[in-house]
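Q: Data: run_28.cif, mmCIF, C-alpha atoms.
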data_work
loop_
_atom_site.label_atom_id
_atom_site.label_comp_id
_atom_site.auth_asym_id
_atom_site.auth_seq_id
_atom_site.Cartn_x
_atom_site.Cartn_y
_atom_site.Cartn_z
CA MET M 77 128.44 110.68 97.15
CA ASP M 78 128.20 113.50 94.64
CA PRO M 79 128.38 112.18 91.07
CA VAL M 80 131.55 112.27 88.99
CA ALA M 81 131.23 112.50 85.22
CA ILE M 82 133.61 111.18 82.58
CA LEU M 83 134.07 113.22 79.40
CA ILE M 84 135.47 111.53 76.29
CA PRO M 85 136.43 114.12 73.66
CA ALA M 86 135.82 112.39 70.33
CA ALA M 87 135.11 115.23 67.89
CA GLY M 88 138.58 115.52 66.37
CA PHE M 89 139.37 114.64 62.78
CA GLY M 90 142.37 112.36 63.24
CA THR M 91 144.10 113.49 60.03
CA ARG M 92 147.26 111.50 60.80
CA MET M 93 145.30 108.27 60.22
CA ARG M 94 145.32 108.99 56.48
CA GLY M 95 141.63 108.36 55.88
CA ALA M 96 140.93 105.76 58.57
CA ASP M 97 139.07 106.62 61.77
CA LYS M 98 141.12 105.71 64.83
CA LEU M 99 138.05 105.80 67.07
CA LEU M 100 136.30 103.17 64.94
CA GLN M 101 139.23 100.74 64.94
CA ASP M 102 138.18 97.25 66.00
CA VAL M 103 139.53 96.36 69.44
CA GLY M 104 138.40 93.05 70.84
CA GLY M 105 135.37 92.98 68.55
CA LEU M 106 134.18 96.51 69.36
CA PRO M 107 134.83 99.94 67.84
CA LEU M 108 137.36 101.65 70.11
CA ILE M 109 135.00 104.52 70.97
CA ARG M 110 132.28 102.13 72.14
CA ARG M 111 134.76 100.08 74.16
CA GLN M 112 136.07 103.17 75.94
CA ALA M 113 132.57 104.49 76.60
CA GLN M 114 131.61 101.16 78.18
CA ARG M 115 134.66 101.29 80.43
CA ALA M 116 133.77 104.84 81.44
CA LEU M 117 130.19 103.81 82.20
CA ALA M 118 131.45 101.10 84.52
CA ALA M 119 133.43 103.63 86.56
CA GLY M 120 131.63 107.00 86.36
CA ASP M 121 128.17 108.23 87.27
CA HIS M 122 127.57 110.08 84.01
CA VAL M 123 129.36 109.77 80.65
CA VAL M 124 129.55 112.44 77.95
CA VAL M 125 131.07 111.85 74.52
CA THR M 126 131.65 114.79 72.20
CA LEU M 127 131.25 114.10 68.49
CA PRO M 128 131.59 115.95 65.17
CA SER M 129 127.87 115.31 64.70
CA THR M 130 125.24 113.12 66.31
CA ASP M 131 124.58 111.28 63.04
CA SER M 132 128.23 110.43 62.40
CA PRO M 133 129.61 106.87 62.24
CA ARG M 134 131.08 107.46 65.70
CA ALA M 135 127.62 108.24 67.04
CA GLN M 136 126.29 105.08 65.41
CA ALA M 137 129.04 103.08 67.12
CA LEU M 138 127.73 104.37 70.48
CA SER M 139 124.10 103.52 69.75
CA GLY M 140 122.15 102.16 72.71
CA LEU M 141 124.60 103.19 75.42
CA PRO M 142 123.23 105.32 78.31
CA ILE M 143 125.52 108.26 77.57
CA ARG M 144 125.07 111.87 76.54
CA MET M 145 126.32 112.61 73.02
CA VAL M 146 127.24 116.25 72.47
CA GLU M 147 127.72 117.70 68.99
CA VAL M 148 130.75 119.95 68.46
CA PRO M 149 130.20 122.01 65.29
CA ASP M 150 133.37 124.00 66.03
CA ALA M 151 135.57 120.90 66.39
CA ALA M 152 138.11 122.47 64.04
CA ASP M 153 139.03 124.79 66.93
CA GLY M 154 140.77 121.85 68.60
CA MET M 155 140.46 119.87 71.82
CA ALA M 156 139.26 122.95 73.71
CA ALA M 157 135.99 122.99 71.75
CA SER M 158 135.17 119.46 72.91
CA ILE M 159 136.02 120.24 76.51
CA ARG M 160 134.02 123.49 76.49
CA ARG M 161 130.90 121.89 75.09
CA GLY M 162 131.23 118.69 77.07
CA VAL M 163 131.61 120.46 80.40
CA ALA M 164 128.73 122.82 79.56
CA SER M 165 126.48 119.77 79.14
CA LEU M 166 127.18 118.28 82.58
CA PRO M 167 124.44 117.99 85.19
CA ARG M 168 124.73 120.69 87.86
CA ALA M 169 125.16 118.09 90.59
CA CYS M 170 128.50 116.81 89.26
CA ALA M 171 131.31 117.16 91.77
CA ALA M 172 134.02 116.61 89.16
CA VAL M 173 134.69 115.61 85.56
CA VAL M 174 137.30 113.16 84.31
CA VAL M 175 138.66 114.01 80.86
CA ALA M 176 139.89 110.96 78.93
CA PRO M 177 140.66 111.11 75.17
CA GLY M 178 138.94 108.37 73.20
CA ASP M 179 142.10 107.19 71.41
CA MET M 180 143.78 105.66 74.48
CA PRO M 181 142.93 101.94 74.31
CA ASP M 182 145.02 100.93 77.33
CA LEU M 183 142.88 102.93 79.76
CA THR M 184 140.73 100.55 81.79
CA GLU M 185 137.75 100.73 84.10
CA ASP M 186 140.19 100.31 87.00
CA ASP M 187 142.22 103.29 85.80
CA PHE M 188 139.13 105.52 85.75
CA THR M 189 138.16 104.22 89.18
CA SER M 190 141.62 104.88 90.64
CA VAL M 191 141.49 108.53 89.58
CA ILE M 192 137.94 108.99 90.87
CA ASN M 193 138.70 107.25 94.17
CA GLY M 194 141.73 109.49 94.60
CA PHE M 195 139.48 112.52 94.36
CA ARG M 196 136.89 111.14 96.73
CA ALA M 197 139.53 110.19 99.31
CA MET M 198 140.76 113.76 99.73
CA PRO M 199 139.16 116.05 102.33
CA GLN M 200 139.41 119.04 99.96
CA ALA M 201 138.75 119.26 96.22
CA THR M 202 141.88 118.33 94.29
CA LEU M 203 142.77 117.72 90.68
CA GLN M 204 143.87 114.18 89.85
CA GLN M 205 146.11 113.18 86.94
CA GLY M 206 146.93 109.69 85.80
CA THR M 207 150.60 108.93 85.22
CA ALA M 208 152.65 106.05 83.88
CA GLU M 209 154.35 103.82 86.43
CA ASP M 210 157.49 105.97 86.12
CA GLY M 211 155.55 109.13 87.00
CA THR M 212 155.25 110.59 83.49
CA PRO M 213 151.97 112.58 83.49
CA GLY M 214 149.20 111.64 81.09
CA HIS M 215 145.46 110.88 81.22
CA PRO M 216 142.83 110.67 82.59
CA VAL M 217 142.69 114.06 84.31
CA LEU M 218 140.02 114.88 86.88
CA PHE M 219 138.88 118.46 87.47
CA PRO M 220 136.68 119.37 90.45
CA ALA M 221 133.55 121.42 89.91
CA ASP M 222 135.24 124.69 90.86
CA CYS M 223 137.25 124.37 87.60
CA PHE M 224 134.16 124.09 85.39
CA VAL M 225 133.88 127.82 84.66
CA ALA M 226 137.52 127.91 83.51
CA LEU M 227 137.05 124.74 81.43
CA ARG M 228 134.12 126.34 79.60
CA GLN M 229 136.40 129.20 78.54
CA ILE M 230 139.50 127.43 77.20
CA THR M 231 140.61 127.87 73.59
CA GLY M 232 142.99 126.20 71.15
CA ASP M 233 144.30 122.66 70.91
CA GLN M 234 146.22 122.54 74.18
CA GLY M 235 143.32 121.15 76.15
CA ALA M 236 143.32 122.28 79.75
CA ARG M 237 147.07 122.53 80.35
CA ASP M 238 146.85 126.14 81.58
CA ILE M 239 144.28 125.09 84.17
CA LEU M 240 146.55 122.28 85.35
CA ARG M 241 149.43 124.72 85.71
CA ALA M 242 147.29 127.23 87.59
CA ASN M 243 146.22 124.51 90.02
CA ALA M 244 149.57 122.77 90.41
CA HIS M 245 149.45 123.37 94.18
CA ARG M 246 146.45 121.03 94.47
CA LEU M 247 147.24 118.52 91.73
CA ARG M 248 147.62 114.91 92.85
CA ARG M 249 149.26 112.35 90.60
CA VAL M 250 147.86 108.81 90.39
CA ALA M 251 150.21 106.11 89.08
CA LEU M 252 148.48 103.71 86.68
CA PRO M 253 149.84 100.37 85.42
CA GLY M 254 152.50 100.35 82.72
CA ARG M 255 151.96 103.08 80.14
CA ASN M 256 148.16 103.05 80.32
CA ALA M 257 148.13 106.81 80.96
CA LEU M 258 150.29 107.56 77.90
CA THR M 259 149.33 105.23 75.05
CA ASP M 260 147.46 107.13 72.35
CA LEU M 261 147.31 105.84 68.80
CA ASP M 262 147.24 108.51 66.11
CA THR M 263 148.73 106.78 63.05
CA PRO M 264 148.28 103.47 61.20
CA GLU M 265 151.84 102.57 62.21
CA ALA M 266 151.10 103.16 65.89
CA TRP M 267 148.01 100.96 65.61
CA GLU M 268 149.97 98.20 63.89
CA ALA M 269 152.66 98.23 66.57
CA TRP M 270 150.12 98.27 69.40
CA ARG M 271 148.18 95.35 67.91
CA ALA M 272 151.36 93.33 67.55
CA GLU M 273 152.45 94.06 71.11
CA ASN M 274 149.04 93.28 72.58
CA ALA M 275 148.14 90.39 70.28
CA VAL M 276 144.95 92.16 69.23
CA GLY M 277 143.65 91.23 65.79
#
Please render this file's structure as structure tokens.
A:
Amino acid sequence: MDPVAILIPAAGFGTRMRGADKLLQDVGGLPLIRRQAQRALAAGDHVVVTLPSTDSPRAQALSGLPIRMVEVPDAADGMAASIRRGVASLPRACAAVVVAPGDMPDLTEDDFTSVINGFRAMPQATLQQGTAEDGTPGHPVLFPADCFVALRQITGDQGARDILRANAHRLRRVALPGRNALTDLDTPEAWEAWRAENAVG
């Protein structure tokens, strides 16, 4: 099978955390970014993590993992900068890339695998998008290789929404457990509530 990569955009500044770094929050004894990278490695053939710099604390938290770390000096341009640079770094052989923000602690190895398997099960190249159990769209989102040129050209902080809209005719939704596809934690209050709900210290 042609390889599928997983891209974790992790170059943003997280200003709503008021000085804390959401991607370095301890979850089950690991920094969140390392935990998510490990889950991606268990499901994908190649993992890319974009970072504000390759000597940042986030990069140190990923030390020793067999991933590609990509520096994003223009991270202030928004999510698009991470996606552009991450996709540009992919091996040519990749059949698709799964985009999964690093601040979604409920995403599991099984969730990544479900999205990838959905792509591989289709006779033609389709986009795959994780949803909550009720069908609300979220992440991860898989883009086949024929979207890579468009992904390398996106701008702004809207991610790849325009590409999703342009390819709505071949977008397949994949229901994931609970709200795994939706939970992202951007504030100290959100982290506190999530820890209380999940009994995570």
Q: Determine the residue membership of the PyMOL selection byres ((chain M and resi 221-229) around 6) for the file above and supply it as a ChimeraX atom specification.
A: /M:160,171-172,220,230
Q: Translate the PyMOL selection byres ((chain M and resi 193-208) around 10) into a concrete residue list for this structure, as a compact mmCIF listing (two decimals) with C-alpha atoms, in the coordinates of the input.
A:
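Heads up, here's the output in part21.txt:
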# COMPACT_ATOMS: atom_id res chain seq x y z
CA MET M 77 128.44 110.68 97.15
CA ASP M 78 128.20 113.50 94.64
CA VAL M 80 131.55 112.27 88.99
CA ALA M 119 133.43 103.63 86.56
CA ALA M 171 131.31 117.16 91.77
CA ALA M 172 134.02 116.61 89.16
CA VAL M 173 134.69 115.61 85.56
CA VAL M 174 137.30 113.16 84.31
CA VAL M 175 138.66 114.01 80.86
CA ALA M 176 139.89 110.96 78.93
CA LEU M 183 142.88 102.93 79.76
CA ASP M 187 142.22 103.29 85.80
CA PHE M 188 139.13 105.52 85.75
CA THR M 189 138.16 104.22 89.18
CA SER M 190 141.62 104.88 90.64
CA VAL M 191 141.49 108.53 89.58
CA ILE M 192 137.94 108.99 90.87
CA GLU M 209 154.35 103.82 86.43
CA ASP M 210 157.49 105.97 86.12
CA GLY M 211 155.55 109.13 87.00
CA THR M 212 155.25 110.59 83.49
CA PRO M 213 151.97 112.58 83.49
CA GLY M 214 149.20 111.64 81.09
CA HIS M 215 145.46 110.88 81.22
CA PRO M 216 142.83 110.67 82.59
CA VAL M 217 142.69 114.06 84.31
CA LEU M 218 140.02 114.88 86.88
CA PHE M 219 138.88 118.46 87.47
CA PRO M 220 136.68 119.37 90.45
CA ALA M 221 133.55 121.42 89.91
CA ASP M 222 135.24 124.69 90.86
CA CYS M 223 137.25 124.37 87.60
CA ILE M 239 144.28 125.09 84.17
CA LEU M 240 146.55 122.28 85.35
CA ASN M 243 146.22 124.51 90.02
CA ALA M 244 149.57 122.77 90.41
CA HIS M 245 149.45 123.37 94.18
CA ARG M 246 146.45 121.03 94.47
CA LEU M 247 147.24 118.52 91.73
CA ARG M 248 147.62 114.91 92.85
CA ARG M 249 149.26 112.35 90.60
CA VAL M 250 147.86 108.81 90.39
CA ALA M 251 150.21 106.11 89.08
CA LEU M 252 148.48 103.71 86.68
CA PRO M 253 149.84 100.37 85.42
CA GLY M 254 152.50 100.35 82.72
CA ARG M 255 151.96 103.08 80.14
CA ASN M 256 148.16 103.05 80.32
CA ALA M 257 148.13 106.81 80.96
CA LEU M 258 150.29 107.56 77.90
CA THR M 259 149.33 105.23 75.05
Q: Mind checking which residues fall within 12 Å of segment 95-107 of chain M, counting all atoms listed in the file, ignoring those fewer than 4 positions away in the same chain, and posting them as a ChimeraX atom specification?
A: /M:84-91,111-114,125,127,132-139,177-182,260-268,270-271,274-277
Q: Let me see the file: selected residues, C-alpha atoms, as a tab-separated table (two decimals), keeping the file's coordinate frame.
A:
chain	number	residue	atom	x	y	z
M	84	ILE	CA	135.47	111.53	76.29
M	85	PRO	CA	136.43	114.12	73.66
M	86	ALA	CA	135.82	112.39	70.33
M	87	ALA	CA	135.11	115.23	67.89
M	88	GLY	CA	138.58	115.52	66.37
M	89	PHE	CA	139.37	114.64	62.78
M	90	GLY	CA	142.37	112.36	63.24
M	91	THR	CA	144.10	113.49	60.03
M	111	ARG	CA	134.76	100.08	74.16
M	112	GLN	CA	136.07	103.17	75.94
M	113	ALA	CA	132.57	104.49	76.60
M	114	GLN	CA	131.61	101.16	78.18
M	125	VAL	CA	131.07	111.85	74.52
M	127	LEU	CA	131.25	114.10	68.49
M	132	SER	CA	128.23	110.43	62.40
M	133	PRO	CA	129.61	106.87	62.24
M	134	ARG	CA	131.08	107.46	65.70
M	135	ALA	CA	127.62	108.24	67.04
M	136	GLN	CA	126.29	105.08	65.41
M	137	ALA	CA	129.04	103.08	67.12
M	138	LEU	CA	127.73	104.37	70.48
M	139	SER	CA	124.10	103.52	69.75
M	177	PRO	CA	140.66	111.11	75.17
M	178	GLY	CA	138.94	108.37	73.20
M	179	ASP	CA	142.10	107.19	71.41
M	180	MET	CA	143.78	105.66	74.48
M	181	PRO	CA	142.93	101.94	74.31
M	182	ASP	CA	145.02	100.93	77.33
M	260	ASP	CA	147.46	107.13	72.35
M	261	LEU	CA	147.31	105.84	68.80
M	262	ASP	CA	147.24	108.51	66.11
M	263	THR	CA	148.73	106.78	63.05
M	264	PRO	CA	148.28	103.47	61.20
M	265	GLU	CA	151.84	102.57	62.21
M	266	ALA	CA	151.10	103.16	65.89
M	267	TRP	CA	148.01	100.96	65.61
M	268	GLU	CA	149.97	98.20	63.89
M	270	TRP	CA	150.12	98.27	69.40
M	271	ARG	CA	148.18	95.35	67.91
M	274	ASN	CA	149.04	93.28	72.58
M	275	ALA	CA	148.14	90.39	70.28
M	276	VAL	CA	144.95	92.16	69.23
M	277	GLY	CA	143.65	91.23	65.79
Q: Mind pulling up the distance from atom CA of Pro79 of chain M to atom CA of Arg168 of chain M?
A: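 Separating atom CA of Arg168 of chain M from atom CA of Pro79 of chain M is a distance of 9.8 Å.
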Q: What does the structure give for the distance between atom CA of Asp150 of chain M and atom CA of Thr231 of chain M, in Å to one decimal?
A: 11.2 Å
